[in-house]
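Pasted below: work_32.json, JSON, C-alpha atoms.
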```json
[["chain", "number", "residue", "atom", "x", "y", "z"],
["O", 116, "MET", "CA", -6.92, -0.01, 28.13],
["O", 117, "LEU", "CA", -3.73, 1.87, 27.26],
["O", 118, "GLN", "CA", -1.75, -1.33, 27.69],
["O", 119, "LYS", "CA", -4.08, -3.15, 25.27],
["O", 120, "THR", "CA", -3.64, -0.35, 22.71],
["O", 121, "GLN", "CA", 0.15, -0.41, 23.17],
["O", 122, "TYR", "CA", 0.23, -4.17, 22.60],
["O", 123, "THR", "CA", -1.89, -3.79, 19.46],
["O", 124, "THR", "CA", 0.40, -1.06, 18.10],
["O", 125, "LEU", "CA", 3.49, -3.13, 18.89],
["O", 126, "ILE", "CA", 2.08, -6.15, 17.00],
["O", 127, "LYS", "CA", 1.06, -4.11, 13.94],
["O", 128, "ASN", "CA", 4.42, -2.32, 13.79],
["O", 129, "GLU", "CA", 6.31, -5.60, 14.03],
["O", 130, "ALA", "CA", 4.12, -7.13, 11.29],
["O", 131, "LYS", "CA", 5.01, -4.20, 9.05],
["O", 132, "ARG", "CA", 8.72, -4.58, 9.84],
["O", 133, "LEU", "CA", 8.54, -8.26, 8.86],
["O", 134, "GLY", "CA", 7.22, -7.27, 5.43],
["O", 135, "PHE", "CA", 3.51, -8.02, 5.82],
["O", 136, "LEU", "CA", 1.24, -5.91, 3.64],
["O", 137, "SER", "CA", -1.24, -5.35, 6.45],
["O", 138, "CYS", "CA", -2.37, -6.65, 9.81],
["O", 139, "GLY", "CA", -5.89, -6.72, 11.29],
["O", 140, "ILE", "CA", -7.18, -8.12, 14.55],
["O", 141, "SER", "CA", -10.51, -9.74, 15.54],
["O", 142, "LYS", "CA", -11.95, -11.12, 18.73],
["O", 143, "ALA", "CA", -11.75, -14.93, 18.64],
["O", 144, "GLY", "CA", -15.19, -16.56, 18.64],
["O", 145, "PHE", "CA", -17.82, -18.39, 16.63],
["O", 146, "LEU", "CA", -18.21, -17.28, 13.00],
["O", 147, "GLU", "CA", -21.99, -17.08, 13.02],
["O", 148, "GLU", "CA", -22.49, -15.89, 9.43],
["O", 149, "GLU", "CA", -20.07, -18.42, 7.96],
["O", 150, "ALA", "CA", -21.64, -21.50, 9.58],
["O", 151, "PRO", "CA", -24.72, -21.88, 7.30],
["O", 152, "ARG", "CA", -22.66, -20.93, 4.19],
["O", 153, "LEU", "CA", -20.04, -23.58, 4.89],
["O", 154, "GLU", "CA", -22.70, -26.20, 5.66],
["O", 155, "THR", "CA", -24.58, -25.50, 2.40],
["O", 156, "TRP", "CA", -21.34, -25.52, 0.38],
["O", 157, "LEU", "CA", -20.35, -28.91, 1.81],
["O", 158, "ASN", "CA", -23.85, -30.37, 1.40],
["O", 159, "LYS", "CA", -23.79, -29.43, -2.29],
["O", 160, "ASN", "CA", -20.42, -31.23, -2.67],
["O", 161, "MET", "CA", -18.75, -28.07, -3.95],
["O", 162, "HIS", "CA", -15.53, -29.23, -2.29],
["O", 163, "GLY", "CA", -15.18, -32.08, -4.81],
["O", 164, "GLU", "CA", -12.60, -34.62, -3.62],
["O", 165, "MET", "CA", -11.25, -32.28, -0.92],
["O", 166, "SER", "CA", -12.73, -34.47, 1.81],
["O", 167, "TYR", "CA", -10.57, -32.77, 4.46],
["O", 168, "MET", "CA", -12.97, -29.80, 4.20],
["O", 169, "GLU", "CA", -15.60, -31.95, 5.93],
["O", 170, "ASN", "CA", -13.36, -32.50, 8.96],
["O", 171, "HIS", "CA", -13.30, -30.37, 12.14],
["O", 172, "PHE", "CA", -16.46, -28.42, 11.25],
["O", 173, "ASP", "CA", -16.71, -26.87, 14.75],
["O", 174, "LYS", "CA", -13.02, -25.95, 14.92],
["O", 175, "ARG", "CA", -13.22, -24.41, 11.44],
["O", 176, "LEU", "CA", -15.88, -22.01, 12.70],
["O", 177, "ASP", "CA", -14.54, -21.31, 16.18],
["O", 178, "PRO", "CA", -10.80, -20.79, 16.89],
["O", 179, "THR", "CA", -11.36, -21.05, 20.64],
["O", 180, "LYS", "CA", -11.96, -24.78, 19.97],
["O", 181, "LEU", "CA", -8.75, -24.92, 17.95],
["O", 182, "VAL", "CA", -6.46, -22.98, 20.30],
["O", 183, "GLU", "CA", -7.34, -23.29, 23.97],
["O", 184, "GLY", "CA", -7.84, -19.98, 25.75],
["O", 185, "SER", "CA", -7.56, -17.94, 22.55],
["O", 186, "LYS", "CA", -8.88, -14.38, 22.62],
["O", 187, "SER", "CA", -7.59, -12.73, 19.43],
["O", 188, "VAL", "CA", -7.15, -13.67, 15.80],
["O", 189, "ILE", "CA", -4.35, -11.65, 14.17],
["O", 190, "SER", "CA", -4.76, -11.76, 10.38],
["O", 191, "LEU", "CA", -1.85, -10.89, 8.09],
["O", 192, "LEU", "CA", -1.47, -10.37, 4.35],
["O", 193, "LEU", "CA", 1.74, -10.96, 2.40],
["O", 194, "ASN", "CA", 1.99, -9.74, -1.20],
["O", 195, "TYR", "CA", 3.15, -12.20, -3.88],
["O", 196, "TYR", "CA", 2.45, -10.27, -7.10],
["O", 197, "PRO", "CA", 5.50, -10.94, -9.33],
["O", 198, "GLN", "CA", 7.75, -8.34, -10.94],
["O", 199, "GLU", "CA", 7.84, -10.30, -14.17],
["O", 200, "LEU", "CA", 5.33, -12.69, -15.72],
["O", 201, "GLN", "CA", 5.80, -15.96, -17.59],
["O", 202, "ASN", "CA", 6.26, -16.21, -21.34],
["O", 203, "GLU", "CA", 2.77, -15.38, -22.65],
["O", 204, "GLU", "CA", 2.84, -18.17, -25.21],
["O", 205, "ALA", "CA", 3.54, -20.91, -22.65],
["O", 206, "PHE", "CA", 1.42, -23.13, -20.41],
["O", 207, "LYS", "CA", 0.60, -21.10, -17.30],
["O", 208, "ILE", "CA", 1.37, -21.36, -13.60],
["O", 209, "SER", "CA", -0.52, -19.42, -10.95],
["O", 210, "LYS", "CA", 1.51, -16.41, -9.78],
["O", 211, "TYR", "CA", 1.50, -17.53, -6.16],
["O", 212, "ALA", "CA", 3.59, -20.57, -7.12],
["O", 213, "TYR", "CA", 6.45, -18.78, -8.94],
["O", 214, "GLY", "CA", 8.87, -18.79, -6.01],
["O", 215, "THR", "CA", 9.59, -20.57, -2.73],
["O", 216, "ASP", "CA", 6.62, -22.29, -1.09],
["O", 217, "TYR", "CA", 4.80, -19.61, 0.91],
["O", 218, "HIS", "CA", 4.26, -22.01, 3.83],
["O", 219, "PHE", "CA", 8.01, -21.88, 4.61],
["O", 220, "VAL", "CA", 8.36, -18.13, 4.04],
["O", 221, "ILE", "CA", 5.36, -17.09, 6.13],
["O", 222, "LYS", "CA", 5.88, -19.63, 8.93],
["O", 223, "GLU", "CA", 9.32, -18.09, 9.60],
["O", 224, "LYS", "CA", 7.84, -14.59, 9.75],
["O", 225, "LEU", "CA", 5.03, -15.71, 12.07],
["O", 226, "LYS", "CA", 7.51, -17.45, 14.34],
["O", 227, "GLU", "CA", 9.46, -14.22, 14.61],
["O", 228, "LEU", "CA", 6.29, -12.22, 15.28],
["O", 229, "LEU", "CA", 5.24, -14.64, 18.03],
["O", 230, "ASN", "CA", 8.73, -14.46, 19.57],
["O", 231, "THR", "CA", 8.60, -10.66, 19.60],
["O", 232, "ILE", "CA", 5.16, -10.71, 21.23],
["O", 233, "SER", "CA", 6.43, -13.07, 23.95],
["O", 234, "SER", "CA", 9.66, -11.15, 24.59],
["O", 235, "GLU", "CA", 8.04, -7.68, 24.60],
["O", 236, "ILE", "CA", 4.72, -8.45, 26.29],
["O", 237, "GLY", "CA", 5.39, -11.55, 28.38],
["O", 238, "GLU", "CA", 4.08, -15.08, 28.32],
["O", 239, "VAL", "CA", 1.59, -15.19, 25.44],
["O", 240, "HIS", "CA", 0.36, -18.54, 24.15],
["O", 241, "GLY", "CA", -0.79, -19.07, 20.60],
["O", 242, "ARG", "CA", -0.36, -20.81, 17.29],
["O", 243, "ALA", "CA", 0.60, -19.73, 13.81],
["O", 244, "PHE", "CA", -1.46, -20.83, 10.81],
["O", 245, "VAL", "CA", -0.64, -20.74, 7.10],
["O", 246, "ASP", "CA", -3.22, -22.74, 5.22],
["O", 247, "SER", "CA", -2.31, -25.66, 7.47],
["O", 248, "ALA", "CA", -5.30, -26.17, 9.76],
["O", 249, "PRO", "CA", -9.07, -25.71, 9.76],
["O", 250, "VAL", "CA", -9.06, -21.89, 9.85],
["O", 251, "LEU", "CA", -11.32, -19.83, 7.57],
["O", 252, "ASP", "CA", -8.56, -17.41, 6.55],
["O", 253, "LYS", "CA", -10.63, -15.14, 4.31],
["O", 254, "ALA", "CA", -13.48, -14.83, 6.79],
["O", 255, "TRP", "CA", -11.10, -13.78, 9.57],
["O", 256, "ALA", "CA", -9.22, -11.34, 7.32],
["O", 257, "ALA", "CA", -12.53, -9.73, 6.31],
["O", 258, "LYS", "CA", -13.71, -9.59, 9.94],
["O", 259, "SER", "CA", -10.39, -7.92, 10.80],
["O", 260, "GLY", "CA", -10.97, -5.13, 8.28],
["O", 261, "LEU", "CA", -8.26, -6.21, 5.82],
["O", 262, "GLY", "CA", -10.66, -6.27, 2.86],
["O", 263, "TRP", "CA", -13.96, -7.72, 1.70],
["O", 264, "ILE", "CA", -14.66, -11.11, 0.15],
["O", 265, "GLY", "CA", -15.28, -10.54, -3.57],
["O", 266, "LYS", "CA", -17.70, -12.28, -5.91],
["O", 267, "HIS", "CA", -14.88, -14.70, -6.82],
["O", 268, "SER", "CA", -14.61, -15.57, -3.09],
["O", 269, "ASN", "CA", -11.09, -14.09, -2.76],
["O", 270, "LEU", "CA", -10.29, -11.32, -0.30],
["O", 271, "LEU", "CA", -10.12, -7.92, -2.02],
["O", 272, "THR", "CA", -8.66, -4.58, -0.97],
["O", 273, "LYS", "CA", -9.07, -1.26, -2.74],
["O", 274, "GLN", "CA", -5.36, -0.47, -2.34],
["O", 275, "THR", "CA", -3.77, -3.68, -3.63],
["O", 276, "GLY", "CA", -6.37, -6.03, -5.11],
["O", 277, "SER", "CA", -6.08, -9.71, -4.18],
["O", 278, "PHE", "CA", -2.65, -11.14, -5.02],
["O", 279, "TYR", "CA", -1.53, -11.92, -1.47],
["O", 280, "PHE", "CA", -1.38, -14.77, 1.01],
["O", 281, "ILE", "CA", -3.42, -14.76, 4.23],
["O", 282, "ALA", "CA", -2.04, -16.09, 7.52],
["O", 283, "GLU", "CA", -3.04, -15.96, 11.20],
["O", 284, "LEU", "CA", -1.73, -15.93, 14.72],
["O", 285, "ILE", "CA", -4.35, -17.05, 17.22],
["O", 286, "ILE", "CA", -3.30, -15.97, 20.72],
["O", 287, "ASP", "CA", -4.60, -15.75, 24.31],
["O", 288, "LEU", "CA", -4.22, -11.97, 24.59],
["O", 289, "ASP", "CA", -6.94, -9.30, 24.53],
["O", 290, "LEU", "CA", -6.23, -6.58, 21.95],
["O", 291, "ASP", "CA", -7.97, -3.68, 20.22],
["O", 292, "TYR", "CA", -10.18, -5.08, 17.48],
["O", 293, "ASP", "CA", -10.66, -3.78, 13.95],
["O", 294, "LEU", "CA", -13.95, -3.37, 12.12],
["O", 295, "PRO", "CA", -14.90, -4.93, 8.77],
["O", 296, "VAL", "CA", -14.85, -2.78, 5.62],
["O", 297, "THR", "CA", -17.69, -2.47, 3.12],
["O", 298, "ASP", "CA", -18.06, -4.47, -0.10],
["O", 299, "HIS", "CA", -16.88, -2.64, -3.23],
["O", 300, "CYS", "CA", -17.71, -5.16, -5.95],
["O", 301, "GLY", "CA", -20.86, -3.22, -6.88],
["O", 302, "SER", "CA", -22.56, -4.45, -10.05],
["O", 303, "CYS", "CA", -19.30, -5.80, -11.55],
["O", 304, "THR", "CA", -19.43, -9.42, -12.75],
["O", 305, "ALA", "CA", -16.04, -9.55, -14.52],
["O", 306, "CYS", "CA", -14.85, -12.61, -12.56],
["O", 307, "ILE", "CA", -18.11, -14.54, -13.06],
["O", 308, "ASP", "CA", -18.16, -13.79, -16.80],
["O", 309, "ALA", "CA", -14.49, -14.68, -17.35],
["O", 310, "CYS", "CA", -14.39, -18.10, -15.67],
["O", 311, "PRO", "CA", -14.12, -20.64, -18.52],
["O", 312, "THR", "CA", -15.56, -23.50, -16.46],
["O", 313, "GLN", "CA", -18.40, -21.48, -14.84],
["O", 314, "ALA", "CA", -16.98, -22.37, -11.42],
["O", 315, "ILE", "CA", -18.36, -19.13, -9.92],
["O", 316, "VAL", "CA", -21.94, -20.40, -9.83],
["O", 317, "GLY", "CA", -23.27, -17.16, -8.37],
["O", 318, "PRO", "CA", -21.92, -14.01, -6.72],
["O", 319, "TYR", "CA", -19.69, -15.04, -3.78],
["O", 320, "VAL", "CA", -20.18, -18.79, -4.42],
["O", 321, "VAL", "CA", -17.48, -20.94, -6.06],
["O", 322, "ASP", "CA", -18.07, -24.59, -6.89],
["O", 323, "GLY", "CA", -14.58, -25.87, -6.10],
["O", 324, "SER", "CA", -15.13, -29.06, -8.09],
["O", 325, "LYS", "CA", -15.46, -26.98, -11.30],
["O", 326, "CYS", "CA", -12.43, -24.77, -10.61],
["O", 327, "ILE", "CA", -9.28, -25.06, -12.76],
["O", 328, "SER", "CA", -7.09, -24.64, -9.64],
["O", 329, "TYR", "CA", -8.85, -27.60, -8.04],
["O", 330, "ALA", "CA", -8.48, -29.72, -11.18],
["O", 331, "THR", "CA", -4.75, -29.02, -11.62],
["O", 332, "ILE", "CA", -3.71, -29.21, -7.94],
["O", 333, "GLU", "CA", -6.18, -30.99, -5.68],
["O", 334, "LEU", "CA", -7.53, -33.60, -8.07],
["O", 335, "LYS", "CA", -5.34, -36.67, -7.94],
["O", 336, "ASN", "CA", -7.24, -38.88, -10.41],
["O", 337, "GLU", "CA", -7.78, -38.53, -14.13],
["O", 338, "MET", "CA", -8.88, -35.10, -15.35],
["O", 339, "PRO", "CA", -12.68, -35.10, -15.87],
["O", 340, "ALA", "CA", -13.85, -34.68, -19.48],
["O", 341, "HIS", "CA", -15.86, -31.54, -18.64],
["O", 342, "PHE", "CA", -12.55, -29.63, -18.32],
["O", 343, "SER", "CA", -11.65, -30.40, -21.95],
["O", 344, "ASN", "CA", -10.81, -27.27, -23.99],
["O", 345, "LYS", "CA", -11.72, -25.05, -21.02],
["O", 346, "MET", "CA", -8.38, -24.90, -19.21],
["O", 347, "ASP", "CA", -7.08, -21.80, -21.02],
["O", 348, "ASP", "CA", -3.54, -23.30, -20.90],
["O", 349, "TRP", "CA", -3.33, -23.39, -17.08],
["O", 350, "MET", "CA", -1.11, -26.28, -15.99],
["O", 351, "PHE", "CA", -0.96, -25.38, -12.29],
["O", 352, "GLY", "CA", -3.59, -23.24, -10.57],
["O", 353, "CYS", "CA", -5.50, -20.44, -12.28],
["O", 354, "ASP", "CA", -5.56, -16.64, -11.92],
["O", 355, "ILE", "CA", -8.32, -15.74, -14.39],
["O", 356, "CYS", "CA", -10.84, -14.42, -11.86],
["O", 357, "GLN", "CA", -8.12, -12.30, -10.24],
["O", 358, "ASP", "CA", -6.56, -11.13, -13.51],
["O", 359, "VAL", "CA", -9.85, -9.66, -14.76],
["O", 360, "CYS", "CA", -10.78, -8.00, -11.45],
["O", 361, "PRO", "CA", -10.63, -4.19, -11.80],
["O", 362, "TRP", "CA", -9.19, -3.84, -8.29],
["O", 363, "ASN", "CA", -6.07, -5.75, -9.35],
["O", 364, "ARG", "CA", -4.96, -2.89, -11.56],
["O", 365, "PHE", "CA", -3.56, -1.57, -8.25],
["O", 366, "SER", "CA", -1.39, -4.66, -7.67],
["O", 367, "GLN", "CA", 2.26, -3.85, -7.02],
["O", 368, "SER", "CA", 5.28, -6.14, -7.17],
["O", 369, "HIS", "CA", 6.25, -7.93, -3.97],
["O", 370, "GLN", "CA", 9.49, -7.16, -2.12],
["O", 371, "GLU", "CA", 10.19, -10.72, -0.96],
["O", 372, "PRO", "CA", 13.31, -12.19, -2.66],
["O", 373, "LEU", "CA", 12.19, -15.74, -1.76],
["O", 374, "PHE", "CA", 9.17, -15.32, -4.04],
["O", 375, "ASP", "CA", 11.39, -14.57, -7.05],
["O", 376, "PRO", "CA", 11.17, -17.44, -9.55],
["O", 377, "ASN", "CA", 13.88, -19.50, -11.15],
["O", 378, "PRO", "CA", 14.55, -17.52, -14.40],
["O", 379, "LYS", "CA", 13.92, -20.70, -16.44],
["O", 380, "LEU", "CA", 10.31, -20.76, -15.29],
["O", 381, "LEU", "CA", 9.61, -17.39, -16.92],
["O", 382, "SER", "CA", 11.21, -18.18, -20.27],
["O", 383, "MET", "CA", 10.23, -21.80, -20.97],
["O", 384, "SER", "CA", 8.18, -22.53, -24.10],
["O", 385, "ASN", "CA", 5.39, -25.09, -24.47],
["O", 386, "LYS", "CA", 7.79, -27.46, -26.20],
["O", 387, "GLU", "CA", 10.18, -27.25, -23.23],
["O", 388, "TRP", "CA", 7.31, -27.85, -20.78],
["O", 389, "GLU", "CA", 6.15, -30.85, -22.81],
["O", 390, "GLU", "CA", 9.66, -32.32, -22.72],
["O", 391, "ILE", "CA", 10.43, -31.44, -19.09],
["O", 392, "THR", "CA", 12.41, -34.10, -17.22],
["O", 393, "LYS", "CA", 12.27, -34.99, -13.54],
["O", 394, "GLU", "CA", 15.72, -33.37, -13.09],
["O", 395, "VAL", "CA", 14.64, -30.06, -14.62],
["O", 396, "PHE", "CA", 11.38, -30.18, -12.62],
["O", 397, "SER", "CA", 13.40, -30.63, -9.38],
["O", 398, "GLU", "CA", 15.75, -27.78, -10.31],
["O", 399, "ILE", "CA", 13.05, -25.23, -11.25],
["O", 400, "PHE", "CA", 10.67, -26.14, -8.45],
["O", 401, "LYS", "CA", 13.21, -26.90, -5.72],
["O", 402, "LYS", "CA", 11.17, -25.47, -2.82],
["O", 403, "SER", "CA", 8.07, -24.57, -4.78],
["O", 404, "PRO", "CA", 4.39, -25.21, -3.95],
["O", 405, "ILE", "CA", 4.27, -27.00, -7.32],
["O", 406, "LYS", "CA", 5.92, -29.96, -5.58],
["O", 407, "ARG", "CA", 2.43, -30.61, -4.22],
["O", 408, "THR", "CA", 1.22, -31.83, -7.59],
["O", 409, "LYS", "CA", 4.52, -33.71, -8.15],
["O", 410, "PHE", "CA", 6.24, -34.27, -11.50],
["O", 411, "GLU", "CA", 3.63, -36.84, -12.56],
["O", 412, "GLY", "CA", 0.78, -34.45, -11.75],
["O", 413, "LEU", "CA", 2.28, -31.63, -13.77],
["O", 414, "LYS", "CA", 2.89, -34.00, -16.71],
["O", 415, "ARG", "CA", -0.74, -35.17, -16.48],
["O", 416, "ASN", "CA", -1.92, -31.53, -16.66],
["O", 417, "ILE", "CA", 0.38, -30.73, -19.61],
["O", 418, "ASN", "CA", -0.76, -33.84, -21.51],
["O", 419, "PHE", "CA", -4.40, -32.90, -20.89],
["O", 420, "LEU", "CA", -3.76, -29.42, -22.33],
["O", 421, "LYS", "CA", -2.05, -30.89, -25.40],
["O", 422, "ASN", "CA", -4.97, -33.18, -26.30]]
```
Once you've parsed the file, please lay out its structure as structure tokens.
Amino acid sequence: MLQKTQYTTLIKNEAKRLGFLSCGISKAGFLEEEAPRLETWLNKNMHGEMSYMENHFDKRLDPTKLVEGSKSVISLLLNYYPQELQNEEAFKISKYAYGTDYHFVIKEKLKELLNTISSEIGEVHGRAFVDSAPVLDKAWAAKSGLGWIGKHSNLLTKQTGSFYFIAELIIDLDLDYDLPVTDHCGSCTACIDACPTQAIVGPYVVDGSKCISYATIELKNEMPAHFSNKMDDWMFGCDICQDVCPWNRFSQSHQEPLFDPNPKLLSMSNKEWEEITKEVFSEIFKKSPIKRTKFEGLKRNINFLKN
């Protein structure tokens, strides 16, 4: 038992050293409560054109089917709240996409954490996940006591709000497990009321196909007419439901230099965005998550906002 506690302490201390905001641990197993929710959400086509959400249903709900022999899910949060925001008059980019693509930044940290676990504890097998496989990140983070899932379906913490990434290590080692925390949304409906496209169709339920983030990032075809005049100048992603959340008044700037943006991104005007060239796009978004929508995708979004 002492050994298990020592291993748990070692992992949490190392996570802190690597710059993670917090670390929580759950026993790997079937997510019983999530199964009917996910099934209903998919059946109602709330995933829009994100057909990959239909794949690997069993693995999505049970990490032991994803990582053979797994016993623990280590959930980690990494803050991305920026020190400085974009020009208020300009088309907007979601704060998570200001700097270097989080997949690269977090993968390196997880690799280091896994190496430390192996060198300090012995042969431990596992895999690192950053948004890259069928893992229900928010469900595991909530189960691990890192926060509760708010009415906007993002993970929330009383200390720091919701502007952070979630990642996991799924490993074949027994550890001390954390307990979930209680929900502190209360009667607040700020996120539901603020969403310009009514994507939050009820408390804790988001229709992804109505979400501005989905429309500007995931949607590869023409922008549907029902988004007309409802985009609130968002050209990549959307932070409205997070910006209005009272818990985000506790957000503090990140300490990760790789998340610092190219200074041009913060100062550009609408005119400059409208006239952006492929060269400028490549310079500003060199290793950015915005590369996912590509130059053509960003231009499509800007043109849609102009009309």
For each of O:Glu283, O:Glu394, O:Glu199, O:Glu183, take the minimum atom-to-atom distance to Leu251 (chain O), counting only C-alpha atoms, then give the residue where this is smallest.
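Looking at the shortest contact to Leu251 (chain O), the residue is O:Glu283.
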Within 8 Å of Ala243 (chain O), counting only C-alpha atoms, which residues qualify if same-chain residues fewer than 3 places away don't, as a VMD selection string?
chain O and resid 222 225 to 226 282 to 285
Using all atoms listed in the file, which residue out of O:Tyr167, O:Tyr279, O:Trp263, O:Tyr292 lies closest to Lys186 (chain O)?
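Nearest to Lys186 (chain O): O:Tyr292.
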If I take CA of Leu146 (chain O) and CA of Asp177 (chain O), how far is one from the other in Å, to one decimal?
6.3 Å
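Comparing the minimum interatomic distances between Val239 (chain O) and each of O:Trp349, O:Tyr122, O:Phe135, O:Phe145, counting all atoms listed in the file, we find that O:Tyr122 sits nearest.
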Export: region 260-284 of chain O, N, CA and C atoms, as a compact mmCIF listing (two decimals), in the first residue's frame:
```txt
# COMPACT_ATOMS: atom_id res chain seq x y z
N GLY O 260 -11.29 13.82 -10.22
CA GLY O 260 -11.38 14.90 -9.23
C GLY O 260 -10.75 16.22 -9.66
N LEU O 261 -10.50 16.39 -10.97
CA LEU O 261 -9.85 17.62 -11.43
C LEU O 261 -10.83 18.76 -11.66
N GLY O 262 -12.12 18.48 -11.59
CA GLY O 262 -13.15 19.49 -11.79
C GLY O 262 -14.47 18.81 -12.07
N TRP O 263 -15.48 19.60 -12.43
CA TRP O 263 -16.76 19.04 -12.81
C TRP O 263 -17.08 19.50 -14.24
N ILE O 264 -17.92 18.75 -14.93
CA ILE O 264 -18.29 19.15 -16.28
C ILE O 264 -19.44 20.15 -16.19
N GLY O 265 -19.18 21.37 -16.70
CA GLY O 265 -20.15 22.46 -16.59
C GLY O 265 -21.29 22.34 -17.58
N LYS O 266 -22.23 23.28 -17.50
CA LYS O 266 -23.41 23.25 -18.37
C LYS O 266 -23.02 23.46 -19.84
N HIS O 267 -21.82 24.02 -20.08
CA HIS O 267 -21.34 24.20 -21.46
C HIS O 267 -20.55 22.99 -21.93
N SER O 268 -20.49 21.96 -21.09
CA SER O 268 -19.83 20.67 -21.35
C SER O 268 -18.30 20.73 -21.27
N ASN O 269 -17.75 21.86 -20.81
CA ASN O 269 -16.30 21.94 -20.56
C ASN O 269 -16.02 21.60 -19.10
N LEU O 270 -14.81 21.14 -18.84
CA LEU O 270 -14.41 20.86 -17.46
C LEU O 270 -14.17 22.18 -16.74
N LEU O 271 -14.69 22.29 -15.52
CA LEU O 271 -14.55 23.52 -14.72
C LEU O 271 -13.91 23.24 -13.38
N THR O 272 -13.07 24.17 -12.94
CA THR O 272 -12.51 24.09 -11.59
C THR O 272 -12.73 25.42 -10.89
N LYS O 273 -12.96 25.36 -9.60
CA LYS O 273 -13.21 26.59 -8.83
C LYS O 273 -11.97 27.48 -8.82
N GLN O 274 -10.80 26.87 -8.84
CA GLN O 274 -9.55 27.64 -8.72
C GLN O 274 -9.16 28.37 -10.00
N THR O 275 -9.38 27.72 -11.16
CA THR O 275 -8.84 28.29 -12.40
C THR O 275 -9.80 28.31 -13.58
N GLY O 276 -11.07 28.02 -13.38
CA GLY O 276 -12.01 28.07 -14.49
C GLY O 276 -11.85 26.92 -15.47
N SER O 277 -11.74 27.25 -16.78
CA SER O 277 -11.75 26.17 -17.79
C SER O 277 -10.78 26.33 -18.95
N PHE O 278 -9.91 27.35 -18.90
CA PHE O 278 -9.00 27.55 -20.03
C PHE O 278 -7.74 26.69 -19.90
N TYR O 279 -7.91 25.39 -20.12
CA TYR O 279 -6.76 24.48 -20.06
C TYR O 279 -7.01 23.27 -20.96
N PHE O 280 -5.92 22.63 -21.35
CA PHE O 280 -6.00 21.41 -22.13
C PHE O 280 -6.08 20.22 -21.18
N ILE O 281 -6.66 19.12 -21.67
CA ILE O 281 -6.73 17.88 -20.88
C ILE O 281 -5.97 16.80 -21.64
N ALA O 282 -5.15 16.06 -20.92
CA ALA O 282 -4.39 14.95 -21.55
C ALA O 282 -4.38 13.77 -20.59
N GLU O 283 -4.01 12.59 -21.10
CA GLU O 283 -3.98 11.39 -20.27
C GLU O 283 -2.76 10.52 -20.52
N LEU O 284 -2.40 9.81 -19.46
CA LEU O 284 -1.50 8.65 -19.57
C LEU O 284 -2.34 7.49 -19.09
```
